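J.: Pasting final_22.pdb here (PDB, C-alpha atoms (C1' of nucleotides)):
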```
ATOM      1  CA  MET A  15       0.000   0.000   0.000
ATOM      2  CA  ILE A  16       2.174   2.839  -1.299
ATOM      3  CA  ASN A  17      -0.548   5.318  -2.211
ATOM      4  CA  PRO A  18      -1.358   7.706   0.646
ATOM      5  CA  LEU A  19      -5.016   7.886  -0.388
ATOM      6  CA  ASP A  20      -5.185   4.088  -0.169
ATOM      7  CA  MET A  21      -3.766   4.195   3.332
ATOM      8  CA  VAL A  22      -6.058   6.939   4.577
ATOM      9  CA  PHE A  23      -9.227   5.312   3.276
ATOM     10  CA  ALA A  24      -8.132   1.885   4.505
ATOM     11  CA  ALA A  25      -7.403   3.353   7.924
ATOM     12  CA  LEU A  26     -10.864   4.912   8.029
ATOM     13  CA  ALA A  27     -12.560   1.665   7.015
ATOM     14  CA  ASP A  28     -12.277   0.213  10.509
ATOM     15  CA  PRO A  29     -14.802   1.333  13.147
ATOM     16  CA  THR A  30     -12.307   0.935  15.979
ATOM     17  CA  ARG A  31      -9.903   3.282  14.231
ATOM     18  CA  ARG A  32     -12.627   5.818  13.486
ATOM     19  CA  ALA A  33     -13.629   5.707  17.147
ATOM     20  CA  ILE A  34     -10.015   6.321  18.144
ATOM     21  CA  LEU A  35      -9.844   9.357  15.872
ATOM     22  CA  SER A  36     -13.038  10.709  17.421
ATOM     23  CA  MET A  37     -11.598  10.273  20.880
ATOM     24  CA  LEU A  38      -8.455  12.129  19.860
ATOM     25  CA  LEU A  39     -10.621  14.939  18.566
ATOM     26  CA  GLU A  40     -11.276  15.901  22.174
ATOM     27  CA  ASP A  41      -7.741  15.662  23.437
ATOM     28  CA  ASP A  42      -4.347  14.032  23.025
ATOM     29  CA  MET A  43      -4.193  10.671  24.746
ATOM     30  CA  ALA A  44      -1.743   8.043  25.923
ATOM     31  CA  VAL A  45      -1.908   4.619  24.277
ATOM     32  CA  THR A  46      -3.230   2.927  27.412
ATOM     33  CA  ASP A  47      -6.003   5.484  27.755
ATOM     34  CA  VAL A  48      -6.931   5.108  24.112
ATOM     35  CA  ALA A  49      -7.231   1.365  24.658
ATOM     36  CA  GLU A  50      -9.286   1.595  27.847
ATOM     37  CA  PRO A  51     -12.854   1.793  26.407
ATOM     38  CA  PHE A  52     -12.284  -1.040  23.904
ATOM     39  CA  GLU A  53     -12.808  -4.705  24.594
ATOM     40  CA  MET A  54      -9.628  -5.820  22.958
ATOM     41  CA  SER A  55      -6.015  -6.211  23.944
ATOM     42  CA  LEU A  56      -3.620  -3.318  24.261
ATOM     43  CA  ALA A  57      -1.495  -4.906  21.554
ATOM     44  CA  ALA A  58      -4.422  -4.771  19.149
ATOM     45  CA  ILE A  59      -4.928  -1.072  19.852
ATOM     46  CA  SER A  60      -1.207  -0.524  19.421
ATOM     47  CA  LYS A  61      -1.483  -2.021  15.944
ATOM     48  CA  HIS A  62      -4.438   0.179  15.108
ATOM     49  CA  LEU A  63      -2.485   3.202  16.258
ATOM     50  CA  SER A  64       0.472   2.340  14.068
ATOM     51  CA  ILE A  65      -1.853   1.973  11.093
ATOM     52  CA  LEU A  66      -3.305   5.408  11.826
ATOM     53  CA  SER A  67       0.198   6.715  12.243
ATOM     54  CA  ARG A  68       1.476   5.316   8.963
ATOM     55  CA  ALA A  69      -1.539   6.868   7.255
ATOM     56  CA  GLY A  70      -0.512  10.186   8.792
ATOM     57  CA  LEU A  71      -3.806  10.561  10.627
ATOM     58  CA  ILE A  72      -2.143  10.721  14.017
ATOM     59  CA  SER A  73       1.322  11.509  15.303
ATOM     60  CA  GLN A  74       2.883   9.886  18.325
ATOM     61  CA  GLU A  75       5.351  11.530  20.667
ATOM     62  CA  ARG A  76       7.079   9.589  23.415
ATOM     63  CA  ARG A  77       7.407  11.512  26.671
ATOM     64  CA  GLY A  78       8.888   9.445  29.404
ATOM     65  CA  ARG A  79       7.371   6.006  29.257
ATOM     66  CA  VAL A  80       4.131   7.393  27.913
ATOM     67  CA  LYS A  81       3.488   7.723  24.187
ATOM     68  CA  TRP A  82       1.074  10.513  23.419
ATOM     69  CA  CYS A  83      -1.202  10.272  20.404
ATOM     70  CA  LYS A  84      -2.248  13.428  18.624
ATOM     71  CA  LEU A  85      -4.816  13.807  15.874
ATOM     72  CA  GLU A  86      -3.465  15.152  12.568
ATOM     73  CA  PRO A  87      -6.616  16.306  10.789
ATOM     74  CA  ASP A  88      -4.731  17.736   7.815
ATOM     75  CA  ALA A  89      -4.036  14.186   6.657
ATOM     76  CA  LEU A  90      -7.737  13.879   5.941
ATOM     77  CA  ARG A  91      -7.705  16.695   3.477
ATOM     78  CA  PRO A  92      -6.542  14.888   0.313
ATOM     79  CA  ALA A  93      -9.208  12.253   0.895
ATOM     80  CA  SER A  94     -11.798  14.914   1.571
ATOM     81  CA  VAL A  95     -10.829  16.774  -1.583
ATOM     82  CA  TRP A  96     -11.008  13.589  -3.621
ATOM     83  CA  MET A  97     -14.516  12.962  -2.368
ATOM     84  CA  GLN A  98     -15.640  16.499  -2.978
ATOM     85  CA  GLY A  99     -14.873  15.974  -6.647
ATOM     86  CA  PHE A 100     -18.082  13.979  -6.734
ATOM     87  CA  GLY A 101     -20.146  16.632  -5.019
ATOM     88  CA  GLN A 102     -21.012  18.354  -8.246
ATOM     89  CA  PHE A 103     -23.581  15.641  -8.826
ATOM     90  CA  GLU A 104     -25.456  16.394  -5.651
ATOM     91  CA  PRO A 105     -28.521  18.603  -6.177
ATOM     92  CA  VAL A 106     -27.508  21.887  -4.556
ATOM     93  CA  ASN A 107     -26.117  20.918  -1.206
ATOM     94  CA  LEU A 108     -27.541  23.482   1.116
ATOM     95  CA  ASP A 109     -26.716  21.130   3.942
ATOM     96  CA  ALA A 110     -23.032  21.370   3.153
ATOM     97  CA  PHE A 111     -23.275  25.124   2.991
ATOM     98  CA  GLU A 112     -24.946  25.321   6.380
ATOM     99  CA  ARG A 113     -22.394  22.977   7.865
ATOM    100  CA  PHE A 114     -19.637  25.035   6.342
ATOM    101  CA  LEU A 115     -20.954  28.313   7.697
ATOM    102  CA  GLU A 116     -21.499  26.796  11.107
ATOM    103  CA  THR A 117     -17.943  25.559  11.189
ATOM    104  CA  GLU A 118     -16.531  28.866  10.042
ATOM    105  CA  LEU A 119     -18.606  30.863  12.495
ATOM    106  CA  ASN A 120     -17.727  28.644  15.408
ATOM    107  CA  THR A 121     -13.981  28.397  14.947
ATOM    108  CA  PRO A 122     -13.007  31.935  16.069
ATOM    109  CA  GLU A 123     -14.097  31.186  19.646
ATOM    110  CA  ARG A 124     -11.743  28.197  19.967
ATOM    111  CA  ASP A 125     -13.549  27.305  23.204
ATOM    112  CA  SER A 126     -16.473  25.036  22.348
ATOM    113  CA  PRO A 127     -15.210  21.579  21.465
ATOM    114  CA  GLU A 128     -18.755  20.174  21.629
ATOM    115  CA  THR A 129     -19.675  21.501  18.192
ATOM    116  CA  GLY A 130     -19.653  19.018  15.381
ATOM    117  CA  SER A 131     -17.696  16.129  16.827
ATOM    118  CA  PRO A 132     -18.459  12.963  14.875
ATOM    119  CA  ASP A 133     -19.914  10.085  16.851
ATOM    120  CA  PRO A 134     -17.358   7.640  18.179
ATOM    121  CA  ALA A 135     -17.515   4.422  16.169
ATOM    122  CA  GLY A 136     -19.441   6.157  13.408
TER     123      GLY A 136
ATOM    124  CA  MET B   8     -19.036  -5.507   7.401
ATOM    125  CA  ILE B   9     -22.486  -4.288   8.437
ATOM    126  CA  ASN B  10     -21.706  -0.605   8.958
ATOM    127  CA  PRO B  11     -22.292   1.456   5.800
ATOM    128  CA  LEU B  12     -19.434   3.802   6.672
ATOM    129  CA  ASP B  13     -17.129   0.798   6.895
ATOM    130  CA  MET B  14     -18.214  -0.343   3.458
ATOM    131  CA  VAL B  15     -17.865   3.040   1.820
ATOM    132  CA  PHE B  16     -14.383   3.688   3.180
ATOM    133  CA  ALA B  17     -13.273   0.124   2.418
ATOM    134  CA  ALA B  18     -14.582   0.487  -1.119
ATOM    135  CA  LEU B  19     -12.631   3.714  -1.546
ATOM    136  CA  ALA B  20      -9.425   2.181  -0.218
ATOM    137  CA  ASP B  21      -8.696   0.415  -3.499
ATOM    138  CA  PRO B  22      -7.170   2.456  -6.360
ATOM    139  CA  THR B  23      -8.902   0.358  -9.011
ATOM    140  CA  ARG B  24     -12.257   1.099  -7.460
ATOM    141  CA  ARG B  25     -11.512   4.813  -7.135
ATOM    142  CA  ALA B  26     -10.491   4.850 -10.789
ATOM    143  CA  ILE B  27     -13.762   3.159 -11.715
ATOM    144  CA  LEU B  28     -15.715   5.802  -9.819
ATOM    145  CA  SER B  29     -13.820   8.539 -11.636
ATOM    146  CA  MET B  30     -14.633   6.941 -14.980
ATOM    147  CA  LEU B  31     -18.304   6.783 -14.056
ATOM    148  CA  LEU B  32     -18.188  10.467 -13.189
ATOM    149  CA  GLU B  33     -18.050  11.186 -16.900
ATOM    150  CA  ASP B  34     -20.774   8.816 -18.006
ATOM    151  CA  ASP B  35     -22.644   5.605 -17.273
ATOM    152  CA  MET B  36     -20.793   2.577 -18.585
ATOM    153  CA  ALA B  37     -21.262  -1.104 -19.339
ATOM    154  CA  VAL B  38     -19.246  -3.574 -17.273
ATOM    155  CA  THR B  39     -17.078  -4.590 -20.224
ATOM    156  CA  ASP B  40     -16.233  -0.974 -20.998
ATOM    157  CA  VAL B  41     -15.390  -0.309 -17.372
ATOM    158  CA  ALA B  42     -12.990  -3.243 -17.478
ATOM    159  CA  GLU B  43     -11.321  -2.270 -20.751
ATOM    160  CA  PRO B  44      -8.569   0.099 -19.481
ATOM    161  CA  PHE B  45      -7.498  -2.223 -16.655
ATOM    162  CA  GLU B  46      -4.942  -4.971 -16.908
ATOM    163  CA  MET B  47      -6.968  -7.496 -15.017
ATOM    164  CA  SER B  48      -9.673  -9.998 -15.783
ATOM    165  CA  LEU B  49     -13.301  -9.091 -16.367
ATOM    166  CA  ALA B  50     -14.192 -11.255 -13.375
ATOM    167  CA  ALA B  51     -11.957  -9.155 -11.139
ATOM    168  CA  ILE B  52     -13.639  -5.962 -12.317
ATOM    169  CA  SER B  53     -17.002  -7.598 -11.815
ATOM    170  CA  LYS B  54     -16.051  -8.232  -8.186
ATOM    171  CA  HIS B  55     -14.926  -4.637  -7.738
ATOM    172  CA  LEU B  56     -18.224  -3.454  -9.171
ATOM    173  CA  SER B  57     -20.227  -5.578  -6.781
ATOM    174  CA  ILE B  58     -18.228  -4.179  -3.875
ATOM    175  CA  LEU B  59     -18.976  -0.648  -5.078
ATOM    176  CA  SER B  60     -22.586  -1.649  -5.527
ATOM    177  CA  ARG B  61     -22.943  -3.132  -2.041
ATOM    178  CA  ALA B  62     -21.426   0.079  -0.655
ATOM    179  CA  GLY B  63     -24.112   1.989  -2.551
ATOM    180  CA  LEU B  64     -21.569   3.962  -4.530
ATOM    181  CA  ILE B  65     -22.913   2.728  -7.863
ATOM    182  CA  SER B  66     -26.143   1.234  -9.103
ATOM    183  CA  GLN B  67     -26.396  -1.353 -11.848
ATOM    184  CA  GLU B  68     -29.266  -1.745 -14.275
ATOM    185  CA  ARG B  69     -29.464  -4.637 -16.704
ATOM    186  CA  ARG B  70     -30.729  -3.669 -20.160
ATOM    187  CA  GLY B  71     -30.638  -6.548 -22.580
ATOM    188  CA  ARG B  72     -27.391  -8.400 -22.080
ATOM    189  CA  VAL B  73     -25.609  -5.226 -21.069
ATOM    190  CA  LYS B  74     -25.410  -4.150 -17.434
ATOM    191  CA  TRP B  75     -25.077  -0.397 -17.053
ATOM    192  CA  CYS B  76     -23.175   1.065 -14.123
ATOM    193  CA  LYS B  77     -24.183   4.436 -12.748
ATOM    194  CA  LEU B  78     -22.400   6.541 -10.168
ATOM    195  CA  GLU B  79     -24.391   7.248  -6.984
ATOM    196  CA  PRO B  80     -22.525  10.193  -5.468
ATOM    197  CA  ASP B  81     -24.998  10.629  -2.615
ATOM    198  CA  ALA B  82     -23.587   7.494  -1.018
ATOM    199  CA  LEU B  83     -20.400   9.451  -0.419
ATOM    200  CA  ARG B  84     -22.140  12.023   1.695
ATOM    201  CA  PRO B  85     -22.166  10.260   5.090
ATOM    202  CA  ALA B  86     -18.457   9.577   4.731
ATOM    203  CA  SER B  87     -17.829  13.141   3.652
ATOM    204  CA  VAL B  88     -19.816  14.474   6.594
ATOM    205  CA  TRP B  89     -17.925  12.230   8.984
ATOM    206  CA  MET B  90     -14.640  13.589   7.690
ATOM    207  CA  GLN B  91     -15.791  17.184   7.831
ATOM    208  CA  GLY B  92     -16.245  16.743  11.563
ATOM    209  CA  PHE B  93     -12.479  16.974  11.780
ATOM    210  CA  GLY B  94     -12.244  20.110   9.690
ATOM    211  CA  GLN B  95     -12.704  22.389  12.666
ATOM    212  CA  PHE B  96      -9.077  21.774  13.508
ATOM    213  CA  GLU B  97      -7.827  23.125  10.215
ATOM    214  CA  PRO B  98      -6.737  26.788  10.373
ATOM    215  CA  VAL B  99      -9.484  28.563   8.435
ATOM    216  CA  ASN B 100      -9.920  26.559   5.281
ATOM    217  CA  LEU B 101     -10.259  29.215   2.653
ATOM    218  CA  ASP B 102      -9.427  26.524   0.128
ATOM    219  CA  ALA B 103     -12.530  24.626   1.052
ATOM    220  CA  PHE B 104     -14.587  27.779   0.806
ATOM    221  CA  GLU B 105     -13.266  28.535  -2.669
ATOM    222  CA  ARG B 106     -13.884  24.985  -3.797
ATOM    223  CA  PHE B 107     -17.346  25.150  -2.364
ATOM    224  CA  LEU B 108     -18.218  28.378  -4.122
ATOM    225  CA  GLU B 109     -16.763  27.110  -7.368
ATOM    226  CA  THR B 110     -18.860  23.979  -7.140
ATOM    227  CA  GLU B 111     -22.012  25.875  -6.303
ATOM    228  CA  LEU B 112     -21.503  28.429  -9.049
ATOM    229  CA  ASN B 113     -20.816  25.779 -11.646
ATOM    230  CA  THR B 114     -23.700  23.458 -10.981
ATOM    231  CA  PRO B 115     -26.504  25.554 -12.561
ATOM    232  CA  GLU B 116     -24.996  25.110 -16.033
ATOM    233  CA  ARG B 117     -25.098  21.276 -15.845
ATOM    234  CA  ASP B 118     -23.045  21.190 -19.081
ATOM    235  CA  SER B 119     -19.362  21.251 -18.151
ATOM    236  CA  PRO B 120     -18.326  17.831 -16.839
ATOM    237  CA  GLU B 121     -14.652  18.813 -17.050
ATOM    238  CA  THR B 122     -14.796  20.872 -13.870
ATOM    239  CA  GLY B 123     -13.375  19.225 -10.807
ATOM    240  CA  SER B 124     -13.193  15.589 -11.846
ATOM    241  CA  PRO B 125     -10.796  13.741  -9.564
ATOM    242  CA  ASP B 126      -7.867  12.029 -11.223
ATOM    243  CA  PRO B 127      -8.511   8.449 -12.239
ATOM    244  CA  ALA B 128      -6.585   6.147  -9.875
ATOM    245  CA  GLY B 129      -6.118   8.987  -7.393
TER     246      GLY B 129
ATOM    247  C1'  DA C   1      18.162  -2.457  43.416
ATOM    248  C1'  DG C   2      13.756  -4.008  42.465
ATOM    249  C1'  DC C   3       9.114  -3.762  41.223
ATOM    250  C1'  DA C   4       5.244  -1.665  38.660
ATOM    251  C1'  DT C   5       3.732   0.676  34.500
ATOM    252  C1'  DA C   6       3.657   1.618  29.460
ATOM    253  C1'  DT C   7       4.259  -0.094  25.069
ATOM    254  C1'  DT C   8       5.894  -2.966  21.485
ATOM    255  C1'  DC C   9       7.477  -7.378  19.450
ATOM    256  C1'  DA C  10       6.984 -12.096  17.744
ATOM    257  C1'  DA C  11       4.577 -15.956  16.727
ATOM    258  C1'  DC C  12       0.463 -17.628  15.721
ATOM    259  C1'  DC C  13      -4.493 -17.954  13.968
ATOM    260  C1'  DA C  14      -9.009 -17.345  11.340
ATOM    261  C1'  DA C  15     -11.117 -14.705   8.113
ATOM    262  C1'  DA C  16     -11.195 -11.358   4.450
ATOM    263  C1'  DT C  17      -9.155  -9.430   0.077
ATOM    264  C1'  DG C  18      -7.773  -9.282  -4.592
ATOM    265  C1'  DG C  19      -6.542 -11.828  -8.092
ATOM    266  C1'  DT C  20      -6.694 -16.042 -11.466
ATOM    267  C1'  DT C  21      -9.017 -19.578 -14.525
ATOM    268  C1'  DG C  22     -12.697 -22.229 -16.592
ATOM    269  C1'  DA C  23     -17.456 -23.266 -16.826
ATOM    270  C1'  DC C  24     -21.970 -21.437 -17.050
ATOM    271  C1'  DG C  25     -26.541 -18.758 -18.116
ATOM    272  C1'  DA C  26     -28.581 -15.005 -20.840
ATOM    273  C1'  DT C  27     -29.091 -12.345 -24.759
ATOM    274  C1'  DT C  28     -28.264 -10.905 -29.446
ATOM    275  C1'  DG C  29     -27.556 -11.323 -34.433
ATOM    276  C1'  DC C  30     -26.709 -13.975 -38.644
TER     277       DC C  30
ATOM    278  C1'  DG D  12     -30.411 -22.980 -34.786
ATOM    279  C1'  DC D  13     -25.962 -21.565 -33.659
ATOM    280  C1'  DA D  14     -22.155 -18.786 -32.658
ATOM    281  C1'  DA D  15     -20.593 -14.728 -30.448
ATOM    282  C1'  DT D  16     -21.033 -11.404 -26.667
ATOM    283  C1'  DC D  17     -21.933  -9.977 -21.814
ATOM    284  C1'  DG D  18     -21.434 -10.922 -17.299
ATOM    285  C1'  DT D  19     -21.356 -13.894 -13.147
ATOM    286  C1'  DC D  20     -20.204 -18.083 -10.525
ATOM    287  C1'  DA D  21     -17.197 -21.430  -8.336
ATOM    288  C1'  DA D  22     -13.024 -23.062  -7.020
ATOM    289  C1'  DC D  23      -8.652 -22.007  -6.036
ATOM    290  C1'  DC D  24      -4.458 -19.259  -4.486
ATOM    291  C1'  DA D  25      -1.299 -15.862  -2.069
ATOM    292  C1'  DT D  26      -1.378 -12.012   0.798
ATOM    293  C1'  DT D  27      -3.297  -8.955   4.152
ATOM    294  C1'  DT D  28      -6.049  -7.946   8.159
ATOM    295  C1'  DG D  29      -7.482  -7.989  12.802
ATOM    296  C1'  DG D  30      -7.185 -10.346  16.625
ATOM    297  C1'  DT D  31      -4.817 -13.360  20.418
ATOM    298  C1'  DT D  32      -1.029 -14.537  23.842
ATOM    299  C1'  DG D  33       3.413 -14.318  26.112
ATOM    300  C1'  DA D  34       7.881 -12.400  26.237
ATOM    301  C1'  DA D  35      10.751  -8.330  25.870
ATOM    302  C1'  DT D  36      12.051  -3.384  26.431
ATOM    303  C1'  DA D  37      11.929   1.039  28.455
ATOM    304  C1'  DT D  38      10.920   4.118  31.958
ATOM    305  C1'  DG D  39       9.416   5.654  36.615
ATOM    306  C1'  DC D  40       8.884   5.116  41.714
ATOM    307  C1'  DT D  41      10.399   4.046  46.294
TER     308       DT D  41
END
```
Please go through the file and, once you have read it, give me the structure as structure tokens.

T.:
Amino acid sequence: MINPLDMVFAALADPTRRAILSMLLEDDMAVTDVAEPFEMSLAAISKHLSILSRAGLISQERRGRVKWCKLEPDALRPASVWMQGFGQFEPVNLDAFERFLETELNTPERDSPETGSPDPAG
Amino acid sequence: MINPLDMVFAALADPTRRAILSMLLEDDMAVTDVAEPFEMSLAAISKHLSILSRAGLISQERRGRVKWCKLEPDALRPASVWMQGFGQFEPVNLDAFERFLETELNTPERDSPETGSPDPAG
DNA sequence: AGCATATTCAACCAAATGGTTGACGATTGC
DNA sequence: GCAATCGTCAACCATTTGGTTGAATATGCT
């Protein structure tokens, strides 16, 4: 899997990984804390995290014995752009416009993380 | 794979399938014609098409012995919306705004399919 | 030093993926 | 009727994926 678009979409195809990304939307987290809500081994989560990392969707910084995971939303952009190439076929897309305005109007405040977070596990 | 988001992202993770979607952006096509530019068997393409179909990204209508494949861009929307939930972390996203306006201003004409088609094979 | 915590590694496993080939069922045209 | 065309099915194969377990490697605490 050389193609970055391949890796991003493949990373997003797993509900566990999407849930992890949603969790990281709220704050940076240590690997153990990421793993806590899931009913699977820490090693499994570690693998998921390295897949997300190789896709560029998260970065990991080791501080002491703790490895912090940080969301890298910019990595989503090429995929998002690719998908938007198909938007021209949608009727008018007022929804998208509303969403867009909402996002743009909310960002200046920088203080309300509860707006627009995707559901964990999609 | 029950989750529709899983299926859409998994479908998009393969470059052959993304290329097929891009081809269908220009026009509806028969299965054989979809397969023509690829260096793989017709059966392989047939499998790819059924994956795209199960994900809802295309629809297939049999007319005579020919099966026509049609792009269903609306199926991309949930995935697109999910991804846009992460956009709030991007600086301001003027790019997205420009793209959005361009798309909205171009749609009324309905006659210029050369605007904004993603590259085949991404 | 010695033990607990945090994370990865290695080996293994079952199931899914992406491809092949050859046979098969429809449909069309001569 | 018969041959060609369109497309799928079935069986097979190699590789990847997503999970497990147990051992190994750092690092931190007392």

J.: Near chain B, meaning an atom within 9 Å, which residues of chain D appear when counting only C-alpha atoms (C1' of nucleotides)? Write them as a PyMOL selection string.

T.: chain D and resi 16-19

J.: Can you translate the PyMOL selection byres ((chain D and resi 36) around 12) into the concrete residues it hits in this file, as a list in words?

T.: Arg79 of chain A; DA6, DT7, DT8 and DC9 of chain C; DA34, DA35, DA37 and DT38 of chain D

J.: Dump as JSON lines the rows for residues of chain C within 7 Å of chain B: closest atom pair and distance in Å with one decimal, only C-alpha atoms (C1' of nucleotides) counted, ordered by chain and rising residue number.

T.:
```
{"residue": "C:DG19", "atom": "C1'", "partner": "B:Ala51", "partner_atom": "CA", "distance": 6.8}
{"residue": "C:DA26", "atom": "C1'", "partner": "B:Arg72", "partner_atom": "CA", "distance": 6.8}
{"residue": "C:DT27", "atom": "C1'", "partner": "B:Arg72", "partner_atom": "CA", "distance": 5.1}
```

J.: Rounded to one decimal, what separation in Å do you get between atom CA of A:Leu71 and atom CA of B:Leu78?

T.: 28.2 Å

J.: Write out as a VMD selection string each polymer residue whose atoms come within 10 Å of C:DT17, counting all atoms listed in the file; drop sequence neighbours fewer than 5 positions from it.

T.: chain D and resid 26 to 28

J.: Just to confirm, what's the straight-line distance from atom CA of A:Ala25 to atom CA of A:Ala69 in Å (one decimal)?

T.: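 Atom CA of A:Ala69 lies 6.9 Å from atom CA of A:Ala25.
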
J.: Report, in Å with one decimal, the straight-line distance from atom CA of A:Ala24 to atom C1' of C:DT21.

T.: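 So the answer is 28.7 Å.
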
J.: Applied to this file, what does the PyMOL selection byres ((chain A and resi 30-34) around 12) return in terms of residues, put as number ranges by chain?

T.: A: 22-29, 35-54, 58-67, 69, 71-72, 83-85, 131-136; B: 10, 12-13, 16, 86, 89-90, 92-93; D: 29

J.: Point out the residue among B:Val88, B:Arg61, B:Trp75, B:Gln67 with the least atom-to-atom distance to chain A, counting all atoms listed in the file.

T.: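 Answer, going by the shortest atom-to-atom distance: B:Val88.
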
J.: Write out as a list in words the residues lying within 12 Å of D:DT41, counting all atoms listed in the file and excluding same-chain residues fewer than 6 positions away.

T.: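 Using all atoms listed in the file, the neighbours found are DA1, DG2, DC3 and DA4 of chain C.
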
J.: Go ahead and write the residues just picked, C-alpha atoms (C1' of nucleotides), as a JSON list (two decimals), in the frame of the given file.

T.:
```json
[["chain", "number", "residue", "atom", "x", "y", "z"],
["C", 1, "DA", "C1'", 18.16, -2.46, 43.42],
["C", 2, "DG", "C1'", 13.76, -4.01, 42.46],
["C", 3, "DC", "C1'", 9.11, -3.76, 41.22],
["C", 4, "DA", "C1'", 5.24, -1.66, 38.66]]
```

J.: Going by the chain IDs and residue numbers used in this file, which residues fall under the PyMOL selection byres ((chain D and resi 15) around 9)? Write them as number ranges by chain.

T.: C: 28-29; D: 14, 16

J.: Smallest atom-to-atom distance to chain B: which of A:Glu75, A:Ser94, A:Ala89, A:Gly70, using only C-alpha atoms?

T.: A:Ser94

J.: Let me have the centre and edge lengths of the axis-aligned box enclosing all listed atoms of stretch 13-29 of chain D with 3 Å padding on every side, in Å to one decimal, as AutoDock Vina command-line options.

T.:
```
--center_x -13.6 --center_y -15.5 --center_z -10.4 --size_x 30.7 --size_y 21.1 --size_z 52.5
```

J.: Can you put N, CA and C atoms back into stretch 55-66 of chain B and show it as an mmCIF file, in the frame of the given file?

T.:
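Result saved to rebuild_23.cif:
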```cif
data_model
loop_
_atom_site.group_PDB
_atom_site.id
_atom_site.type_symbol
_atom_site.label_atom_id
_atom_site.label_comp_id
_atom_site.auth_asym_id
_atom_site.auth_seq_id
_atom_site.Cartn_x
_atom_site.Cartn_y
_atom_site.Cartn_z
ATOM 1 N N HIS B 55 -15.057 -6.019 -8.205
ATOM 2 C CA HIS B 55 -14.926 -4.637 -7.738
ATOM 3 C C HIS B 55 -16.263 -3.905 -7.854
ATOM 4 N N LEU B 56 -16.945 -4.138 -8.978
ATOM 5 C CA LEU B 56 -18.224 -3.454 -9.171
ATOM 6 C C LEU B 56 -19.251 -3.895 -8.139
ATOM 7 N N SER B 57 -19.221 -5.163 -7.761
ATOM 8 C CA SER B 57 -20.227 -5.578 -6.781
ATOM 9 C C SER B 57 -19.887 -5.026 -5.400
ATOM 10 N N ILE B 58 -18.601 -4.833 -5.137
ATOM 11 C CA ILE B 58 -18.228 -4.179 -3.875
ATOM 12 C C ILE B 58 -18.710 -2.728 -3.866
ATOM 13 N N LEU B 59 -18.495 -2.026 -4.974
ATOM 14 C CA LEU B 59 -18.976 -0.648 -5.078
ATOM 15 C C LEU B 59 -20.497 -0.604 -4.956
ATOM 16 N N SER B 60 -21.129 -1.602 -5.543
ATOM 17 C CA SER B 60 -22.586 -1.649 -5.527
ATOM 18 C C SER B 60 -23.111 -1.894 -4.111
ATOM 19 N N ARG B 61 -22.500 -2.859 -3.402
ATOM 20 C CA ARG B 61 -22.943 -3.132 -2.041
ATOM 21 C C ARG B 61 -22.703 -1.929 -1.125
ATOM 22 N N ALA B 62 -21.680 -1.132 -1.437
ATOM 23 C CA ALA B 62 -21.426 0.079 -0.655
ATOM 24 C C ALA B 62 -22.386 1.205 -1.043
ATOM 25 N N GLY B 63 -23.161 0.978 -2.108
ATOM 26 C CA GLY B 63 -24.112 1.989 -2.551
ATOM 27 C C GLY B 63 -23.525 3.054 -3.446
ATOM 28 N N LEU B 64 -22.241 2.903 -3.769
ATOM 29 C CA LEU B 64 -21.569 3.962 -4.530
ATOM 30 C C LEU B 64 -21.927 3.940 -6.009
ATOM 31 N N ILE B 65 -22.390 2.797 -6.499
ATOM 32 C CA ILE B 65 -22.913 2.728 -7.863
ATOM 33 C C ILE B 65 -24.212 1.930 -7.835
ATOM 34 N N SER B 66 -24.991 2.103 -8.904
ATOM 35 C CA SER B 66 -26.143 1.234 -9.103
ATOM 36 C C SER B 66 -25.959 0.556 -10.453
#
```
